[in-house]
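> Submitted below is the structure of interest, expressed as structure tokens.
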Amino acid sequence: MQHRIIVLGAGYTGAVAAGRLARRLRREDVAITLVNAEPDFVERVRMHQLATGQELKRRPLSAMFAGTGVEVTIAKVTGVDAGRRTVAVDGADGTAELPYDTLVYALGSGWNDQGVPGAAEHAYEIAGRAGALRLRERLSRMTAGQAVVVVGGGLTGIEAAAEIAEARPDLDVAIAARDGLGDWLSPNGRGHLRRVFGRLGVTVHEHTVVTGVEADRVVTADGTEIPAAVTVWTTGFAVHPIARATALEVTGTGQIVVDGTMRSVSHPDVYAIGDAAMVMGPGNKPLRMSCASGTPTAWQAADAIAARLTGGPLPNAPIRYFNQCVSLGRKEGLIQYVTADDRAVRAVLTGRLAAVYKELVCKGAAWGVANPTLGLPARRRPVTRQRGAAGPAVKEPA
């Protein structure tokens with residue numbers, strides 16, 4: 001009988017994991033099902049581009065996985081019963097329950113309003129396609145001189161502010177950062193960021209905590225009111241709530257606690273990857289929510305699942321960082337080189353070359369997802385583990 005593998009979520013991590021599993025395991029031995037709420041793969045790292053009116057290439061999941069042996073199911077995940085090993089979904093044909101032998105949880109994250117009054121009602125978000133399209137429509141109706149305030153000084157906020165300012169130089173664009181602008185960057189990186197924002201006309205409000213959002217302004221902790229015909233909220237991400245409602249061991253943020261192979265510490269037939277997982281990286285520091293973190297966890301999980309099913313060696317490649325890639329509009333960029341545990345070093349790449357570098361990274365990530373069984377040579381091995389067996393088929397590392 002085939003070993004049933006269900007992958008929840010077809011973002012970067014889920015799609016990569018499904019494709020890698022298809023390369024590692026024989027089709028006659030496994031049934032791989034990829035469940036996603038949308039029919040297309042969404043390039044989440046380009047949502048600021050979509051919001052400013054740029055067109056993105058459509059990537060239907062059915063076409064991406066055609067001929068790979070991966071079955072794509074378009075449905076919303078409504079629950080996971082880790083005890084019974086089933087997933088509840090709601091699709092075009094109604095509700096259903098999907099049994100699994102191995103589950104890969106990659107439902108990711110969405111925007112986080114941090115509980116700030118008015119944010120959910122009045123702010124726009126770009127954590128997903130729906131939010132980006134909503135912001136796109138609103139920006140298209142704005143007239144010259146109106147104000148846009150981007151709340152959040154992280155990578156998402158910086159990219160959004162630069163993209164909007166470049167695409168709409170007639171608007172008054174500002175960014176509100178809780179700390180100093182780009183304070184995690186090297187001095188060279190911070191200097192370049194400020195120069196680009198200066199050229200783009202972005203007003204910077206540093207050390208500014210937004211405590212309220214209204215229809216036409218944001219209010220800060222010291223009572224200052226900043227005019228905002230549009231507020232874009234980018235203060236971080238919140239993981240999908242499904243995991244918290246299960247018997248899986250999760251952190252206070254709702255992330256699933258995993259070991260070094262991305263396997264749940266409480267349920268050995270569940271793996272969590274990307275934003276959904278609490279993964280410890282170099283220096284015993286949690287990996288940040290990002291594509292740079294998520295894709296390596298997908299590789300690790302897929303290879304570990306294949307190893308445990310076939311009796312092969314478990315992967316032990318360390319997950320580390322190399323750089324942070326920041327787009328600053330279509331003509332400028334910033335590549336901040338970092339240590340393995342994500343601390344900035346002096347070296348940076350800036351300007352047009354950095355913009356090209358970032359674009360190649362984005363295209364490479366999308367290509368890897370859109371061509372799930374290409375790239376590395378296929379090394380399909382027979383499955384030796386029995387369906388439903390909870391224990392590992394190989395010796396675990398000490």
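For the structure tokens, the naming scheme is as follows: chains receive sequential letters (A, B, ...) according to their order of presentation, residues are indexed from 1 within each chain, and ligands are indexed from 1 in presentation order.
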Taking only range 91-250 of chain A into account, list the residues labelled strand (DSSP E) by DSSP (computed from the backbone), as number ranges by chain.

A: 91, 94-99, 102-105, 109-111, 147-151, 172-176, 203-205, 210-214, 217-220, 225-227, 230-233, 237-239

> Those selected residues, please, written with C-alpha atoms and delivered as a PDB file, in the first residue's frame.


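Generated file (out.pdb):
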```
ATOM      1  CA  GLY A  91     -13.175  22.804  -1.131  1.00  0.00           C
ATOM      2  CA  GLY A  94     -17.657  20.513   0.006  1.00  0.00           C
ATOM      3  CA  THR A  95     -15.975  19.330   3.160  1.00  0.00           C
ATOM      4  CA  ALA A  96     -13.764  16.260   3.343  1.00  0.00           C
ATOM      5  CA  GLU A  97     -11.390  14.446   5.647  1.00  0.00           C
ATOM      6  CA  LEU A  98      -7.998  13.394   4.279  1.00  0.00           C
ATOM      7  CA  PRO A  99      -6.064  10.646   6.093  1.00  0.00           C
ATOM      8  CA  THR A 102       3.092  11.667   7.139  1.00  0.00           C
ATOM      9  CA  LEU A 103       2.019  15.307   7.304  1.00  0.00           C
ATOM     10  CA  VAL A 104       4.087  18.317   6.216  1.00  0.00           C
ATOM     11  CA  TYR A 105       2.613  21.441   7.777  1.00  0.00           C
ATOM     12  CA  SER A 109       1.761  33.117   8.216  1.00  0.00           C
ATOM     13  CA  GLY A 110      -0.327  36.190   7.549  1.00  0.00           C
ATOM     14  CA  TRP A 111      -0.264  39.802   8.612  1.00  0.00           C
ATOM     15  CA  ALA A 147      -0.230  60.734   2.108  1.00  0.00           C
ATOM     16  CA  VAL A 148       0.742  57.073   2.446  1.00  0.00           C
ATOM     17  CA  VAL A 149       2.238  55.903   5.743  1.00  0.00           C
ATOM     18  CA  VAL A 150       3.973  52.524   5.922  1.00  0.00           C
ATOM     19  CA  VAL A 151       4.020  51.284   9.506  1.00  0.00           C
ATOM     20  CA  ASP A 172       3.640  61.855   0.036  1.00  0.00           C
ATOM     21  CA  VAL A 173       5.164  58.578   1.273  1.00  0.00           C
ATOM     22  CA  ALA A 174       6.402  58.115   4.845  1.00  0.00           C
ATOM     23  CA  ILE A 175       7.594  55.196   6.957  1.00  0.00           C
ATOM     24  CA  ALA A 176       7.192  54.822  10.726  1.00  0.00           C
ATOM     25  CA  THR A 203       9.803  60.802   5.030  1.00  0.00           C
ATOM     26  CA  VAL A 204      11.250  58.742   7.878  1.00  0.00           C
ATOM     27  CA  HIS A 205       9.755  58.697  11.377  1.00  0.00           C
ATOM     28  CA  VAL A 210       2.049  53.678  16.268  1.00  0.00           C
ATOM     29  CA  THR A 211      -0.711  53.127  18.823  1.00  0.00           C
ATOM     30  CA  GLY A 212      -3.776  53.799  16.717  1.00  0.00           C
ATOM     31  CA  VAL A 213      -4.934  53.871  13.114  1.00  0.00           C
ATOM     32  CA  GLU A 214      -7.773  56.042  11.877  1.00  0.00           C
ATOM     33  CA  ARG A 217      -4.157  59.338  10.100  1.00  0.00           C
ATOM     34  CA  VAL A 218      -2.041  57.267  12.462  1.00  0.00           C
ATOM     35  CA  VAL A 219      -1.517  58.177  16.100  1.00  0.00           C
ATOM     36  CA  THR A 220       1.797  57.600  17.860  1.00  0.00           C
ATOM     37  CA  GLU A 225      -0.863  62.483  14.542  1.00  0.00           C
ATOM     38  CA  ILE A 226       0.622  61.673  11.134  1.00  0.00           C
ATOM     39  CA  PRO A 227      -1.709  62.260   8.167  1.00  0.00           C
ATOM     40  CA  VAL A 230      -3.632  55.154   3.271  1.00  0.00           C
ATOM     41  CA  THR A 231      -1.880  53.217   6.016  1.00  0.00           C
ATOM     42  CA  VAL A 232       0.126  50.125   5.045  1.00  0.00           C
ATOM     43  CA  TRP A 233       0.699  47.783   8.006  1.00  0.00           C
ATOM     44  CA  PHE A 237       3.624  38.180  10.728  1.00  0.00           C
ATOM     45  CA  ALA A 238       1.335  35.903  12.702  1.00  0.00           C
ATOM     46  CA  VAL A 239       1.381  32.159  12.030  1.00  0.00           C
TER      47      VAL A 239
END
```

> Compile the contact shell of range 248-256 of chain A as JSON, numbers by chain: residues with an atom at most 8 Å away, counting only C-alpha atoms, same-chain residues fewer than 3 positions apart removed.

{"A": [82, 238, 239, 240, 241, 243, 244, 264, 265, 266, 267, 272, 275, 276, 277, 278]}

> Those selected residues, please, written with N, CA and C atoms and delivered as a short mmCIF file (atom, residue, chain, number, x, y, z; two decimals), in the first residue's frame.


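What follows is the written file selection-v9.cif:
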```cif
data_model
loop_
_atom_site.label_atom_id
_atom_site.label_comp_id
_atom_site.auth_asym_id
_atom_site.auth_seq_id
_atom_site.Cartn_x
_atom_site.Cartn_y
_atom_site.Cartn_z
N ALA A 82 -4.15 15.43 14.84
CA ALA A 82 -2.88 14.73 14.86
C ALA A 82 -2.99 13.35 15.50
N ALA A 238 1.93 36.82 11.72
CA ALA A 238 1.34 35.90 12.70
C ALA A 238 1.12 34.56 12.01
N VAL A 239 1.50 33.47 12.66
CA VAL A 239 1.38 32.16 12.03
C VAL A 239 -0.08 31.76 11.91
N HIS A 240 -0.36 30.86 10.98
CA HIS A 240 -1.71 30.36 10.77
C HIS A 240 -2.22 29.74 12.08
N PRO A 241 -3.46 30.00 12.47
CA PRO A 241 -3.96 29.57 13.78
C PRO A 241 -4.28 28.09 13.92
N ALA A 243 -2.56 25.28 13.86
CA ALA A 243 -1.68 24.46 14.71
C ALA A 243 -1.99 24.63 16.18
N ARG A 244 -2.30 25.84 16.60
CA ARG A 244 -2.58 26.10 18.01
C ARG A 244 -3.79 25.31 18.50
N SER A 264 8.03 17.27 14.27
CA SER A 264 7.39 17.68 15.51
C SER A 264 7.95 16.88 16.69
N VAL A 265 8.25 17.57 17.77
CA VAL A 265 8.78 16.88 18.94
C VAL A 265 7.69 16.11 19.68
N SER A 266 6.43 16.40 19.38
CA SER A 266 5.33 15.71 20.07
C SER A 266 4.65 14.66 19.20
N HIS A 267 4.71 14.81 17.88
CA HIS A 267 4.03 13.90 16.96
C HIS A 267 5.00 13.55 15.82
N ALA A 272 7.00 20.27 10.33
CA ALA A 272 6.59 21.67 10.13
C ALA A 272 7.75 22.43 9.52
N ASP A 275 7.51 29.46 8.09
CA ASP A 275 7.05 30.31 9.19
C ASP A 275 6.28 29.53 10.24
N ALA A 276 5.72 28.38 9.89
CA ALA A 276 4.91 27.60 10.83
C ALA A 276 5.74 26.89 11.89
N ALA A 277 7.06 26.82 11.71
CA ALA A 277 7.91 26.03 12.61
C ALA A 277 8.81 26.91 13.45
N MET A 278 9.04 26.49 14.68
CA MET A 278 10.04 27.12 15.52
C MET A 278 11.34 26.34 15.31
#
```

> As an NGL selection string, please: the residues near range 351-355 of chain A (cut-off 9 Å, only C-alpha atoms, same-chain neighbours under 3 positions excluded).

:A and (192 or 325-335 or 348 or 358-360)

> For the residues selected in the previous step, produce a file with C-alpha atoms as a PDB file, in the first residue's frame.


```
ATOM      1  CA  HIS A 192      22.742  53.592   1.467  1.00  0.00           C
ATOM      2  CA  CYS A 325      18.388  40.961  -0.077  1.00  0.00           C
ATOM      3  CA  VAL A 326      16.388  44.208  -0.098  1.00  0.00           C
ATOM      4  CA  SER A 327      14.710  45.718  -3.150  1.00  0.00           C
ATOM      5  CA  LEU A 328      14.458  49.517  -3.088  1.00  0.00           C
ATOM      6  CA  GLY A 329      12.228  49.976  -6.106  1.00  0.00           C
ATOM      7  CA  ARG A 330      13.069  48.575  -9.525  1.00  0.00           C
ATOM      8  CA  LYS A 331      16.372  50.413  -9.985  1.00  0.00           C
ATOM      9  CA  GLU A 332      17.986  50.204  -6.553  1.00  0.00           C
ATOM     10  CA  GLY A 333      18.778  47.473  -4.097  1.00  0.00           C
ATOM     11  CA  LEU A 334      20.777  46.542  -1.038  1.00  0.00           C
ATOM     12  CA  ILE A 335      22.485  43.235  -0.366  1.00  0.00           C
ATOM     13  CA  VAL A 348      27.313  45.356   1.270  1.00  0.00           C
ATOM     14  CA  LYS A 358      17.790  40.637  -5.807  1.00  0.00           C
ATOM     15  CA  GLU A 359      15.777  40.102  -8.986  1.00  0.00           C
ATOM     16  CA  LEU A 360      17.821  37.008  -9.844  1.00  0.00           C
TER      17      LEU A 360
END
```

> Find the residue from A:Asn323, A:Leu171, A:Ala301, A:Thr295 that sits nearest to Ser140 in chain A; use only C-alpha atoms when measuring.

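That would be A:Leu171, the residue with the smallest distance to Ser140 in chain A.
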
> Between A:Ile164, A:Ile158, A:Leu135, A:Ala88, which one has atoms that come closest to Leu181 in chain A, using only C-alpha atoms?

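For Leu181 in chain A, the nearest of the candidates is A:Ile158.
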
> Taking only C-alpha atoms into account, which of A:Arg136, A:Thr234, A:Thr86, A:Glu159 comes nearest Glu55 in chain A?

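Among A:Arg136, A:Thr234, A:Thr86, A:Glu159, it is A:Arg136 that comes nearest to Glu55 in chain A.
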
> When you look at Val383 in chain A with a cut-off of 12 Å (counting only C-alpha atoms), what residues show up, excluding the ones that are within fewer than 4 positions of it in the same chain? I need them as a PyMOL selection string.

chain A and resi 1-4+24-31+305-312+387+393

> Could you find all residues in range 2-114 of chain A that DSSP calls alpha helix (DSSP H) from the backbone, and write them as a ChimeraX atom specification?

/A:12-24,47-51,61-64

> So, counting only C-alpha atoms, which residue among A:Asp216, A:Asp303, A:Ala167, A:Thr235 is closest to Asp113 in chain A?

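Under the stated criterion, the closest residue is A:Thr235.
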
> Near Leu185 in chain A, within 7 Å and counting only C-alpha atoms, which residues show up once chain neighbours fewer than 5 positions away are dropped, as JSON, numbers by chain?

{"A": [190, 336, 344]}

> Given the choices A:Met64, A:Ala221, A:Ile242, A:Val80, which gets closest to Val116 in chain A if the distance is worked out from only C-alpha atoms?

A:Ala221

> For CA of Gly157 in chain A and CA of Ala10 in chain A, determine how far apart the two atoms are, in Å to one decimal place.

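Here the two named atoms are 24.1 Å from each other.
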
> Give the answer as one residue: which of A:Gly108, A:Ala92, A:Arg288, A:Gly14 has the shortest atom-to-atom distance to Arg343 in chain A, using only C-alpha atoms?

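Residue with the minimum atom-to-atom distance to Arg343 in chain A: A:Arg288.
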
> CA of Glu166 in chain A to CA of Trp184 in chain A: how many Å, to one decimal?

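So the two atoms, CA of Glu166 in chain A and CA of Trp184 in chain A, lie 23.8 Å apart.
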
> Excluding His48 in chain A and its own-chain neighbours fewer than 3 positions away, which residues fall within 8 Å of it when counting only C-alpha atoms? Please give them as JSON, numbers by chain.

{"A": [45, 51, 52, 126, 132, 159, 160, 163, 164]}

> Let's have the selection written as a compact mmCIF listing (two decimals), in the first residue's frame, with C-alpha atoms.


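Now in again-v3.txt:
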```
# COMPACT_ATOMS: atom_id res chain seq x y z
CA VAL A 45 8.23 38.31 -1.91
CA ALA A 51 0.39 46.45 -4.91
CA THR A 52 1.94 49.17 -7.07
CA ILE A 126 0.59 43.00 1.73
CA ALA A 132 -1.87 43.40 -2.14
CA GLU A 159 10.54 47.46 0.36
CA ALA A 160 6.93 48.66 0.35
CA GLU A 163 8.25 50.64 -4.23
CA ILE A 164 5.29 52.97 -3.61
```

> Take CA of Thr13 in chain A and CA of Gly152 in chain A and report the distance between them in Å, one decimal.

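Atom-to-atom, CA of Thr13 in chain A and CA of Gly152 in chain A are spaced 24.6 Å apart.
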
> So which residues touch Val70 in chain A within 6 Å, counting only C-alpha atoms, skipping near sequence neighbours fewer than 2 positions away, as a count of residues only?

3
